[in-house]
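start36.txt, holding compact mmCIF, C-alpha atoms:
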# COMPACT_ATOMS: atom_id res chain seq x y z
CA MET A 19 -7.30 67.14 47.94
CA THR A 20 -6.82 70.80 47.03
CA GLN A 21 -4.34 72.86 48.99
CA SER A 22 -5.82 74.69 51.95
CA PRO A 23 -6.09 78.49 51.63
CA VAL A 24 -4.83 78.83 55.22
CA TRP A 25 -1.62 80.90 55.34
CA HIS A 26 0.38 79.36 58.15
CA PRO A 27 2.60 81.37 60.55
CA TYR A 28 6.38 81.50 60.20
CA ALA A 29 6.17 79.22 57.14
CA HIS A 30 8.50 79.22 54.14
CA LEU A 31 5.94 78.86 51.37
CA LEU A 32 8.35 77.27 48.89
CA THR A 33 9.42 74.39 51.11
CA GLN A 34 6.65 73.96 53.71
CA GLN A 35 5.12 70.51 54.02
CA ALA A 36 1.38 69.89 54.17
CA ALA A 37 0.24 70.58 57.73
CA PRO A 38 -1.20 67.58 59.60
CA LYS A 39 -4.89 68.12 60.35
CA VAL A 40 -5.87 67.88 64.01
CA VAL A 41 -9.36 66.51 64.67
CA GLY A 42 -9.36 66.26 68.44
CA GLY A 43 -7.36 65.84 71.60
CA GLU A 44 -7.47 64.49 75.11
CA GLY A 45 -5.11 65.22 77.96
CA ALA A 46 -1.56 65.82 76.78
CA ARG A 47 -2.21 64.39 73.29
CA PHE A 48 -3.92 65.55 70.12
CA ARG A 49 -5.31 63.33 67.37
CA LEU A 50 -4.84 63.67 63.60
CA GLU A 51 -7.39 62.83 60.91
CA ASN A 52 -5.33 59.78 59.89
CA GLY A 53 -5.77 58.33 63.39
CA GLU A 54 -2.25 59.22 64.54
CA THR A 55 -1.96 60.48 68.11
CA LEU A 56 0.88 62.79 69.18
CA LEU A 57 2.11 63.70 72.65
CA ASP A 58 2.29 67.50 72.64
CA ALA A 59 5.63 68.58 74.10
CA THR A 60 4.90 72.28 73.52
CA CYS A 61 1.25 72.49 74.71
CA SER A 62 0.32 74.50 71.63
CA TRP A 63 2.74 77.40 72.00
CA TRP A 64 2.79 77.08 75.79
CA CYS A 65 -0.85 77.84 76.51
CA MET A 66 -2.72 74.50 76.86
CA ILE A 67 -1.59 74.03 80.44
CA HIS A 68 -4.48 71.69 81.31
CA GLY A 69 -4.17 69.69 78.09
CA TYR A 70 -6.94 69.07 75.58
CA SER A 71 -10.66 68.54 76.23
CA HIS A 72 -10.46 69.24 79.94
CA PRO A 73 -14.05 68.55 81.05
CA ARG A 74 -14.34 71.45 83.48
CA LEU A 75 -13.05 74.02 81.01
CA VAL A 76 -15.24 72.73 78.19
CA ALA A 77 -18.28 72.76 80.48
CA ALA A 78 -17.54 76.33 81.59
CA ILE A 79 -17.52 77.57 77.99
CA LYS A 80 -20.76 75.73 77.19
CA ALA A 81 -22.49 77.09 80.28
CA GLN A 82 -21.42 80.65 79.55
CA ALA A 83 -22.50 80.33 75.91
CA ASP A 84 -26.03 79.61 77.11
CA THR A 85 -26.06 82.97 78.93
CA LEU A 86 -23.89 85.56 77.16
CA CYS A 87 -21.28 85.02 74.46
CA HIS A 88 -20.17 88.62 74.02
CA VAL A 89 -21.00 92.21 74.83
CA MET A 90 -18.87 95.33 74.50
CA LEU A 91 -17.02 96.40 77.65
CA GLY A 92 -17.32 100.06 76.63
CA GLY A 93 -19.79 101.57 79.08
CA LEU A 94 -21.00 98.11 80.14
CA THR A 95 -19.76 95.28 82.31
CA HIS A 96 -20.71 91.72 83.19
CA GLU A 97 -20.13 89.25 85.99
CA PRO A 98 -17.38 87.07 84.38
CA ALA A 99 -15.22 90.15 83.69
CA ASP A 100 -15.78 91.58 87.16
CA ARG A 101 -15.02 88.24 88.83
CA LEU A 102 -11.90 87.57 86.74
CA ALA A 103 -10.51 91.03 87.46
CA ARG A 104 -10.97 90.46 91.19
CA GLU A 105 -9.31 87.05 90.99
CA LEU A 106 -6.33 88.41 89.06
CA VAL A 107 -5.83 91.14 91.64
CA ARG A 108 -5.96 88.46 94.34
CA ILE A 109 -3.34 86.13 92.85
CA THR A 110 -0.84 88.55 91.29
CA PRO A 111 1.89 90.39 93.25
CA THR A 112 0.58 92.81 95.85
CA GLY A 113 -0.40 96.20 94.47
CA LEU A 114 -1.51 95.25 90.96
CA ASN A 115 -5.04 96.43 91.67
CA HIS A 116 -6.35 97.42 88.23
CA VAL A 117 -7.04 95.17 85.23
CA PHE A 118 -7.34 96.18 81.58
CA PHE A 119 -8.47 93.31 79.33
CA SER A 120 -7.52 92.69 75.70
CA ASP A 121 -7.51 89.75 73.32
CA SER A 122 -3.90 88.55 72.95
CA GLY A 123 -0.53 88.78 74.64
CA SER A 124 0.91 91.03 71.95
CA VAL A 125 -2.00 93.46 72.28
CA GLY A 126 -1.65 93.29 76.06
CA MET A 127 1.93 94.50 75.68
CA GLU A 128 0.82 97.27 73.32
CA VAL A 129 -1.58 98.34 76.08
CA ALA A 130 1.25 98.35 78.62
CA MET A 131 3.48 100.52 76.44
CA LYS A 132 0.72 103.02 75.66
CA MET A 133 -0.18 103.10 79.35
CA ALA A 134 3.43 103.92 80.28
CA VAL A 135 3.77 106.70 77.69
CA GLN A 136 0.46 108.30 78.65
CA TYR A 137 1.35 108.03 82.34
CA TYR A 138 4.39 110.25 81.86
CA HIS A 139 2.53 112.61 79.58
CA LEU A 140 -0.06 113.12 82.33
CA ARG A 141 2.76 113.66 84.81
CA GLY A 142 4.14 116.49 82.69
CA LYS A 143 7.06 114.49 81.24
CA PRO A 144 6.08 113.92 77.59
CA GLU A 145 9.74 113.48 76.65
CA LYS A 146 9.66 110.07 78.37
CA HIS A 147 8.11 108.25 75.43
CA ARG A 148 10.65 105.52 74.56
CA MET A 149 10.98 101.98 75.87
CA LEU A 150 14.04 100.18 77.20
CA SER A 151 14.04 96.53 76.26
CA LEU A 152 16.57 93.71 76.59
CA MET A 153 18.50 91.94 73.88
CA LYS A 154 17.11 88.42 73.29
CA ALA A 155 13.66 89.87 74.01
CA TYR A 156 10.49 88.81 72.24
CA HIS A 157 7.23 90.59 73.08
CA GLY A 158 4.99 89.80 70.10
CA ASP A 159 4.41 90.37 66.40
CA THR A 160 2.34 93.56 66.35
CA SER A 161 4.15 96.71 65.27
CA GLY A 162 4.77 98.21 68.70
CA CYS A 163 5.96 94.87 70.04
CA MET A 164 8.24 94.19 67.07
CA ALA A 165 10.01 97.46 67.85
CA VAL A 166 10.99 96.20 71.32
CA CYS A 167 12.13 92.71 70.25
CA ASP A 168 15.83 91.96 69.83
CA PRO A 169 16.79 94.03 66.75
CA GLU A 170 19.80 91.88 65.84
CA GLU A 171 18.95 88.22 66.40
CA GLY A 172 15.17 88.61 66.53
CA MET A 173 12.82 87.64 63.72
CA HIS A 174 11.73 91.18 62.79
CA SER A 175 14.88 92.72 61.31
CA LEU A 176 13.15 92.97 57.90
CA PHE A 177 10.85 95.64 59.35
CA ALA A 178 13.56 97.80 60.97
CA GLY A 179 12.93 100.79 58.69
CA TYR A 180 9.22 100.72 59.44
CA LEU A 181 9.42 100.54 63.22
CA PRO A 182 9.96 103.25 65.85
CA ARG A 183 13.36 103.22 67.54
CA HIS A 184 13.73 102.28 71.18
CA HIS A 185 16.67 101.51 73.47
CA PHE A 186 18.15 98.15 74.39
CA ALA A 187 20.25 96.86 77.27
CA PRO A 188 22.35 93.69 77.10
CA ALA A 189 20.52 90.47 77.88
CA PRO A 190 21.32 89.21 81.38
CA THR A 191 23.79 86.33 81.43
CA ALA A 192 23.56 85.25 85.06
CA PRO A 193 21.66 81.95 85.39
CA TYR A 194 18.91 81.37 87.93
CA ASP A 195 21.27 80.39 90.75
CA ALA A 196 24.10 82.77 89.79
CA ALA A 197 26.69 84.16 92.14
CA PRO A 198 26.10 87.78 93.23
CA GLU A 199 29.09 89.12 91.29
CA THR A 200 27.70 87.73 88.01
CA VAL A 201 24.34 89.36 88.62
CA ALA A 202 26.14 92.60 89.53
CA GLN A 203 27.73 92.67 86.07
CA ASP A 204 24.33 92.33 84.42
CA LEU A 205 22.86 95.07 86.58
CA ALA A 206 25.81 97.35 85.84
CA ALA A 207 25.02 97.05 82.13
CA LEU A 208 21.37 97.83 82.82
CA ARG A 209 22.34 100.83 84.95
CA ALA A 210 24.55 102.14 82.16
CA ALA A 211 21.64 102.06 79.70
CA LEU A 212 19.36 103.86 82.16
CA GLU A 213 21.99 106.49 82.96
CA ARG A 214 22.33 107.29 79.26
CA HIS A 215 18.67 107.36 78.32
CA HIS A 216 16.40 107.55 81.38
CA HIS A 217 15.28 111.08 80.50
CA GLU A 218 13.36 109.67 77.50
CA ILE A 219 12.51 106.17 78.81
CA ALA A 220 8.98 105.54 80.03
CA ALA A 221 9.35 101.84 80.85
CA LEU A 222 11.75 98.94 81.11
CA LEU A 223 10.17 95.91 79.45
CA MET A 224 11.21 92.49 80.65
CA GLU A 225 10.27 88.83 80.34
CA PRO A 226 11.15 87.94 83.94
CA LEU A 227 13.44 84.91 84.47
CA LEU A 228 12.67 83.32 81.10
CA GLN A 229 13.15 85.10 77.77
CA ALA A 230 11.03 82.70 75.80
CA ALA A 231 10.89 83.01 72.00
CA GLY A 232 14.17 84.94 71.95
CA GLY A 233 16.11 81.80 72.83
CA LEU A 234 14.81 80.54 76.20
CA ASN A 235 17.40 82.53 78.10
CA MET A 236 17.02 81.84 81.85
CA THR A 237 18.08 84.46 84.37
CA SER A 238 18.34 85.23 88.07
CA PRO A 239 15.66 86.51 90.49
CA GLU A 240 18.35 88.87 91.81
CA TYR A 241 18.37 90.56 88.41
CA LEU A 242 14.65 91.25 88.81
CA LYS A 243 15.22 92.76 92.26
CA GLY A 244 18.02 94.95 90.96
CA ALA A 245 15.92 96.06 87.99
CA ARG A 246 13.13 97.08 90.34
CA GLU A 247 15.54 99.24 92.35
CA LEU A 248 17.04 100.82 89.23
CA CYS A 249 13.61 101.69 87.83
CA ASP A 250 12.71 103.40 91.09
CA GLU A 251 16.01 105.28 91.09
CA PHE A 252 15.64 106.57 87.53
CA ASP A 253 11.87 107.15 87.54
CA VAL A 254 11.08 104.47 84.97
CA LEU A 255 8.12 102.10 85.06
CA LEU A 256 8.89 98.39 85.29
CA VAL A 257 6.76 96.24 82.95
CA PHE A 258 6.80 92.45 83.29
CA ASP A 259 5.73 90.53 80.21
CA GLU A 260 4.46 87.35 81.88
CA VAL A 261 2.60 86.13 78.81
CA ALA A 262 4.82 83.02 78.66
CA THR A 263 6.03 82.88 82.27
CA GLY A 264 2.71 83.43 84.04
CA PHE A 265 0.57 80.68 85.54
CA GLY A 266 3.33 78.40 86.71
CA ARG A 267 5.74 78.02 83.82
CA THR A 268 8.80 79.01 85.90
CA GLY A 269 7.80 76.95 88.96
CA LYS A 270 5.91 79.67 90.83
CA LEU A 271 2.55 81.15 89.90
CA PHE A 272 4.32 84.18 88.41
CA ALA A 273 7.99 84.76 87.67
CA ALA A 274 7.81 87.93 89.78
CA ASP A 275 7.11 85.71 92.80
CA HIS A 276 10.65 84.31 92.66
CA ALA A 277 11.95 87.79 93.50
CA ALA A 278 9.04 88.85 95.73
CA ILE A 279 8.65 92.13 93.88
CA THR A 280 5.80 93.96 92.16
CA PRO A 281 6.22 95.50 88.71
CA ASP A 282 4.30 98.65 87.88
CA ILE A 283 2.55 96.85 85.03
CA MET A 284 2.18 93.12 84.34
CA VAL A 285 0.86 91.47 81.17
CA LEU A 286 -0.80 88.03 81.17
CA SER A 287 -2.13 85.80 78.39
CA LYS A 288 -1.55 82.20 77.14
CA GLY A 289 -2.21 80.22 80.34
CA LEU A 290 -4.76 82.82 81.45
CA THR A 291 -7.57 80.84 79.82
CA GLY A 292 -5.77 77.52 79.90
CA GLY A 293 -5.33 78.09 76.17
CA TYR A 294 -9.01 77.52 75.40
CA LEU A 295 -9.75 81.03 74.10
CA GLY A 296 -7.63 84.05 73.25
CA HIS A 297 -7.57 86.66 75.98
CA ALA A 298 -5.10 88.89 77.84
CA ALA A 299 -4.91 91.16 80.86
CA THR A 300 -2.68 94.15 81.58
CA LEU A 301 -2.55 94.88 85.30
CA ALA A 302 -1.39 98.17 86.82
CA THR A 303 -0.64 99.53 90.27
CA ASP A 304 -2.48 102.41 91.92
CA ARG A 305 0.47 104.66 91.02
CA VAL A 306 -0.11 104.11 87.30
CA HIS A 307 -3.89 103.92 87.38
CA ASP A 308 -4.44 107.03 89.51
CA ALA A 309 -2.44 109.23 87.13
CA PHE A 310 -5.34 108.77 84.68
CA ILE A 311 -7.84 110.34 87.08
CA GLY A 312 -8.50 113.91 85.97
CA GLU A 313 -10.90 116.25 84.21
CA SER A 314 -9.00 116.71 80.94
CA PRO A 315 -10.02 114.60 77.91
CA LEU A 316 -6.35 113.53 77.83
CA HIS A 317 -6.90 111.55 81.02
CA ALA A 318 -8.98 108.91 79.22
CA PHE A 319 -6.92 105.87 78.22
CA MET A 320 -7.54 105.63 74.49
CA HIS A 321 -7.54 101.90 73.89
CA GLY A 322 -10.42 99.46 73.54
CA PRO A 323 -10.13 96.09 71.76
CA THR A 324 -13.50 94.84 70.53
CA PHE A 325 -13.25 91.53 72.36
CA MET A 326 -11.73 92.79 75.61
CA GLY A 327 -13.39 91.12 78.57
CA ASN A 328 -15.17 88.59 76.35
CA PRO A 329 -17.54 86.66 78.66
CA LEU A 330 -16.60 83.24 77.25
CA ALA A 331 -12.90 83.94 77.72
CA CYS A 332 -13.40 85.35 81.22
CA ARG A 333 -15.52 82.40 82.28
CA VAL A 334 -13.06 79.77 81.09
CA ALA A 335 -10.19 81.76 82.66
CA LEU A 336 -11.99 81.61 86.01
CA GLU A 337 -12.41 77.85 85.67
CA SER A 338 -8.78 77.44 84.61
CA LEU A 339 -7.60 79.24 87.71
CA ALA A 340 -9.93 77.21 89.94
CA VAL A 341 -8.55 73.95 88.53
CA PHE A 342 -4.98 75.23 88.92
CA GLU A 343 -5.48 75.99 92.61
CA GLU A 344 -7.78 73.12 93.60
CA GLU A 345 -5.57 70.47 91.98
CA ASN A 346 -2.28 71.90 93.31
CA TYR A 347 -0.70 72.54 89.95
CA LEU A 348 2.46 73.99 91.47
CA ASP A 349 3.12 70.52 92.86
CA LYS A 350 2.56 69.01 89.42
CA ILE A 351 5.01 71.54 87.95
CA ALA A 352 7.60 70.66 90.61
CA GLY A 353 7.25 67.02 89.59
CA LEU A 354 7.80 67.84 85.92
CA ASN A 355 10.82 69.93 86.89
CA ARG A 356 12.38 67.01 88.77
CA ILE A 357 12.01 64.77 85.73
CA LEU A 358 13.46 67.36 83.36
CA ARG A 359 16.40 67.99 85.63
CA THR A 360 17.12 64.27 85.98
CA GLU A 361 16.64 63.34 82.35
CA LEU A 362 18.25 66.37 80.67
CA LEU A 363 20.16 68.62 83.04
CA GLN A 364 21.93 65.72 84.76
CA GLU A 365 22.68 63.77 81.57
CA PRO A 366 26.49 63.91 81.10
CA ALA A 367 26.45 62.56 77.55
CA LEU A 368 24.17 65.37 76.44
CA HIS A 369 26.45 68.07 77.85
CA ARG A 370 29.47 66.45 76.20
CA HIS A 371 27.88 66.20 72.77
CA PRO A 372 29.87 68.32 70.28
CA ARG A 373 26.76 69.93 68.81
CA VAL A 374 25.25 70.90 72.17
CA ARG A 375 26.05 74.35 73.50
CA ASP A 376 23.96 74.32 76.69
CA VAL A 377 21.15 72.54 78.51
CA ARG A 378 18.81 74.58 80.73
CA VAL A 379 15.82 73.77 82.93
CA LEU A 380 13.49 76.13 84.81
CA GLY A 381 10.11 75.12 86.17
CA ALA A 382 8.22 73.20 83.48
CA THR A 383 10.59 74.33 80.73
CA ALA A 384 13.68 72.66 79.32
CA VAL A 385 15.86 73.53 76.34
CA ILE A 386 18.81 72.00 74.55
CA GLU A 387 20.68 74.78 72.75
CA VAL A 388 22.95 73.77 69.87
CA HIS A 389 25.82 75.65 68.25
CA ASP A 390 24.27 75.66 64.80
CA ALA A 391 20.61 75.45 63.78
CA THR A 392 21.44 72.85 61.14
CA ALA A 393 21.92 70.38 63.99
CA LEU A 394 18.14 70.39 64.50
CA GLN A 395 17.06 69.92 60.90
CA GLY A 396 14.69 66.97 60.77
CA VAL A 397 14.13 66.71 64.51
CA ALA A 398 10.37 67.37 64.24
CA ALA A 399 9.90 64.49 61.81
CA PHE A 400 12.14 62.29 63.96
CA ALA A 401 10.07 63.02 67.06
CA ARG A 402 6.81 62.37 65.21
CA THR A 403 7.93 58.83 64.36
CA ARG A 404 8.17 58.34 68.13
CA GLY A 405 4.74 59.76 68.82
CA VAL A 406 5.85 63.21 70.05
CA TRP A 407 5.09 66.67 68.68
CA LEU A 408 8.24 68.81 69.02
CA ARG A 409 8.62 72.10 67.16
CA PRO A 410 12.12 73.53 67.61
CA PHE A 411 13.08 77.00 66.47
CA GLY A 412 16.49 78.31 65.50
CA ARG A 413 19.13 76.72 67.71
CA TRP A 414 16.72 75.63 70.42
CA LEU A 415 15.09 72.24 70.95
CA TYR A 416 12.73 72.70 73.85
CA THR A 417 9.76 71.35 75.73
CA MET A 418 7.06 73.29 77.57
CA PRO A 419 4.57 70.52 78.32
CA ALA A 420 1.05 70.66 79.67
CA TYR A 421 1.13 70.50 83.46
CA ILE A 422 -1.06 67.39 83.46
CA THR A 423 1.51 65.40 81.44
CA PRO A 424 2.00 62.02 83.19
CA GLU A 425 5.46 61.13 84.47
CA ALA A 426 5.98 58.36 81.91
CA ASP A 427 5.07 60.72 79.06
CA MET A 428 7.37 63.41 80.39
CA ARG A 429 10.25 60.94 80.49
CA HIS A 430 9.39 59.87 76.95
CA ILE A 431 9.55 63.47 75.70
CA ALA A 432 12.96 63.92 77.34
CA GLN A 433 14.16 60.61 75.90
CA VAL A 434 13.17 61.60 72.38
CA MET A 435 15.03 64.89 72.78
CA LYS A 436 18.14 63.01 73.92
CA ASP A 437 17.84 60.33 71.24
CA TRP A 438 18.16 62.97 68.53
CA PHE A 439 21.75 63.50 69.67
CA ARG A 440 22.61 59.82 69.57
Serialized structure, structure tokens:
Amino acid sequence: MTQSPVWHPYAHLLTQQAAPKVVGGEGARFRLENGETLLDATCSWWCMIHGYSHPRLVAAIKAQADTLCHVMLGGLTHEPADRLARELVRITPTGLNHVFFSDSGSVGMEVAMKMAVQYYHLRGKPEKHRMLSLMKAYHGDTSGCMAVCDPEEGMHSLFAGYLPRHHFAPAPTAPYDAAPETVAQDLAALRAALERHHHEIAALLMEPLLQAAGGLNMTSPEYLKGARELCDEFDVLLVFDEVATGFGRTGKLFAADHAAITPDIMVLSKGLTGGYLGHAATLATDRVHDAFIGESPLHAFMHGPTFMGNPLACRVALESLAVFEEENYLDKIAGLNRILRTELLQEPALHRHPRVRDVRVLGATAVIEVHDATALQGVAAFARTRGVWLRPFGRWLYTMPAYITPEADMRHIAQVMKDWFR
């Protein structure tokens, strides 16, 4: 067989192995062309929250395809986009009343940043055109997003000379259930960054509670509350990147719900469509949206992805949300959390292992962090021999399973993760 012309992501071309070919999937498993079946511990980069071949989601796509596959949203609209926008306003934190669609989480964040910069320009403060991000942050691979990812430990240092320069605050260190004084230290560091640079900062960008691809750093809801207060004090917009955390991953529908606050802008993707089609939404409050109302040509928001509001994506997103609510997915997530806490967080031998630096669990997410990335070399192949698809990165061996993963399968995933350290 000749080598595929597909250029795979994040692959070292000299040493990469031939990629297994997936031919189908059902539930929490996908099937390879050789007949092998693997339990997906990562739900395809955290988006396939309902698993594979969910009958209601597949039927929704087929039904929509019979009516309208795509039409431009420029100057036109359609029922799936209108309905999805209304549903997103209903379920997100109070006040996020306006929805701008795009086609991926990274582009959704680009929209948020442009929205913030133009907001201040329209308010007569064009000098506020930089972002404040957090160390350990990851917001995507497009150029604007690369510029607000961790510049030291992130994956984009090669492009530093090409990217615009923004500001960074230290990553929060206080865990989810941290003592107030620990959170106060994190907020003091954030305040210091805002005091120095607020005059040119349009927005604080944050992955709330769970900094995902930057190392699965888990933080406190009190940090979110403090950040909201600091943004109000320094006249900076608060942007929540809930691409990874949205739709239940942290144990509540949105990470913002843990703190009972509303950001000025929120970005959603991944679980938005249950992973079945690429789509994203950037939501904004009246405060942000209404600044764009005016007679000048500068009041138009100059952004318009070709596939924004795609009818197929909107229709499957509506069905995904209906399944999530009707089948009480938050209860399913709580069940997965209990298993992960029991099997990993409360496993003394794992914490004592000399190669293990930390073990963390939040919602339907668990990670074993090691001191050195070499400690995880070979773990993917090891897991595959036990029927599990695990794809660690750097120093982090993690699971973000589909929410429909049965209890026995969830325990098996955790057991395979532990067995690697035995």
Calculate, to one decimal in Å, the centre and edge lengths of the box along x, y and z of the file that holds all listed atoms of range 85-99 of chain A with 3 Å of margin on each side, and present them as lines of an AutoDock Vina configuration file.
center_x = -20.6
center_y = 92.3
center_z = 80.0
size_x = 16.8
size_y = 24.6
size_z = 18.0
Spatial neighbours of Leu94 in chain A, max dist 12 Å, only C-alpha atoms, sep filter under 6 positions, as an mmCIF file with C-alpha atoms, in the coordinates of the input:
data_model
loop_
_atom_site.group_PDB
_atom_site.id
_atom_site.type_symbol
_atom_site.label_atom_id
_atom_site.label_comp_id
_atom_site.auth_asym_id
_atom_site.auth_seq_id
_atom_site.Cartn_x
_atom_site.Cartn_y
_atom_site.Cartn_z
ATOM 1 C CA HIS A 88 -20.170 88.620 74.020
ATOM 2 C CA ASP A 100 -15.780 91.580 87.160
ATOM 3 C CA MET A 326 -11.730 92.790 75.610
ATOM 4 C CA GLY A 327 -13.390 91.120 78.570
ATOM 5 C CA ASN A 328 -15.170 88.590 76.350
#
Interatomic distance (Å, one decimal) between CA of Arg413 in chain A and CA of Asp390 in chain A: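 Calculated distance between CA of Arg413 in chain A and CA of Asp390 in chain A is 6.0 Å.
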Minimum-distance residue to Asp427 in chain A, chosen among A:Ala81, A:Val89, A:Ala399, A:Ile357 (using all atoms listed in the file):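 Among the listed residues, A:Ile357 lies closest to Asp427 in chain A.
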Test item: which residues lie within 9 Å of (23.0, 68.1, 68.2) counting all atoms listed in the file, as a VMD selection string: chain A and resid 368 371 to 375 386 to 394 438 to 440
Exercise: range 180-187 of chain A partners within 10 Å, all atoms listed in the file, chain neighbours under 5 positions left out, as a VMD selection string: chain A and resid 147 to 155 161 to 169 174 to 175 204 to 205 207 to 212 214 to 216 218 to 219 222 to 223
Nearest candidate to Ala103 in chain A (options A:Phe325, A:Leu301, A:Gly381, A:Gly179; using only C-alpha atoms): A:Leu301
Would you mind putting N, CA, C and O atoms back on range 53-67 of chain A and writing the result as an mmCIF file, keeping the file's coordinate frame?
data_model
loop_
_atom_site.group_PDB
_atom_site.id
_atom_site.type_symbol
_atom_site.label_atom_id
_atom_site.label_comp_id
_atom_site.auth_asym_id
_atom_site.auth_seq_id
_atom_site.Cartn_x
_atom_site.Cartn_y
_atom_site.Cartn_z
ATOM 1 N N GLY A 53 -5.746 59.207 62.227
ATOM 2 C CA GLY A 53 -5.770 58.330 63.390
ATOM 3 C C GLY A 53 -4.528 58.398 64.257
ATOM 4 O O GLY A 53 -4.505 57.857 65.357
ATOM 5 N N GLU A 54 -3.502 59.085 63.778
ATOM 6 C CA GLU A 54 -2.250 59.220 64.540
ATOM 7 C C GLU A 54 -2.490 60.101 65.773
ATOM 8 O O GLU A 54 -3.210 61.091 65.731
ATOM 9 N N THR A 55 -1.871 59.713 66.874
ATOM 10 C CA THR A 55 -1.960 60.480 68.110
ATOM 11 C C THR A 55 -0.563 60.930 68.511
ATOM 12 O O THR A 55 0.374 60.137 68.522
ATOM 13 N N LEU A 56 -0.431 62.230 68.844
ATOM 14 C CA LEU A 56 0.880 62.790 69.180
ATOM 15 C C LEU A 56 0.866 63.404 70.567
ATOM 16 O O LEU A 56 -0.062 64.139 70.925
ATOM 17 N N LEU A 57 1.894 63.107 71.328
ATOM 18 C CA LEU A 57 2.110 63.700 72.650
ATOM 19 C C LEU A 57 2.669 65.104 72.446
ATOM 20 O O LEU A 57 3.734 65.279 71.865
ATOM 21 N N ASP A 58 1.930 66.101 72.905
ATOM 22 C CA ASP A 58 2.290 67.500 72.640
ATOM 23 C C ASP A 58 3.313 67.978 73.661
ATOM 24 O O ASP A 58 2.987 68.225 74.821
ATOM 25 N N ALA A 59 4.553 68.146 73.209
ATOM 26 C CA ALA A 59 5.630 68.580 74.100
ATOM 27 C C ALA A 59 5.702 70.090 74.236
ATOM 28 O O ALA A 59 6.513 70.600 75.018
ATOM 29 N N THR A 60 4.847 70.814 73.494
ATOM 30 C CA THR A 60 4.900 72.280 73.520
ATOM 31 C C THR A 60 3.587 72.901 73.993
ATOM 32 O O THR A 60 3.477 74.120 74.051
ATOM 33 N N CYS A 61 2.625 72.098 74.334
ATOM 34 C CA CYS A 61 1.250 72.490 74.710
ATOM 35 C C CYS A 61 0.753 73.688 73.911
ATOM 36 O O CYS A 61 0.292 74.684 74.454
ATOM 37 N N SER A 62 0.855 73.518 72.586
ATOM 38 C CA SER A 62 0.320 74.500 71.630
ATOM 39 C C SER A 62 0.806 75.920 71.926
ATOM 40 O O SER A 62 0.028 76.801 72.288
ATOM 41 N N TRP A 63 2.114 76.105 71.734
ATOM 42 C CA TRP A 63 2.740 77.400 72.000
ATOM 43 C C TRP A 63 2.509 77.824 73.444
ATOM 44 O O TRP A 63 2.191 78.974 73.728
ATOM 45 N N TRP A 64 2.620 76.837 74.367
ATOM 46 C CA TRP A 64 2.790 77.080 75.790
ATOM 47 C C TRP A 64 1.521 77.522 76.512
ATOM 48 O O TRP A 64 1.594 78.008 77.642
ATOM 49 N N CYS A 65 0.364 77.327 75.887
ATOM 50 C CA CYS A 65 -0.850 77.840 76.510
ATOM 51 C C CYS A 65 -1.790 76.763 77.040
ATOM 52 O O CYS A 65 -2.555 77.011 77.974
ATOM 53 N N MET A 66 -1.766 75.544 76.476
ATOM 54 C CA MET A 66 -2.720 74.500 76.860
ATOM 55 C C MET A 66 -2.241 73.802 78.130
ATOM 56 O O MET A 66 -1.935 72.606 78.153
ATOM 57 N N ILE A 67 -2.206 74.530 79.213
ATOM 58 C CA ILE A 67 -1.590 74.030 80.440
ATOM 59 C C ILE A 67 -2.362 72.889 81.067
ATOM 60 O O ILE A 67 -1.801 72.073 81.802
#
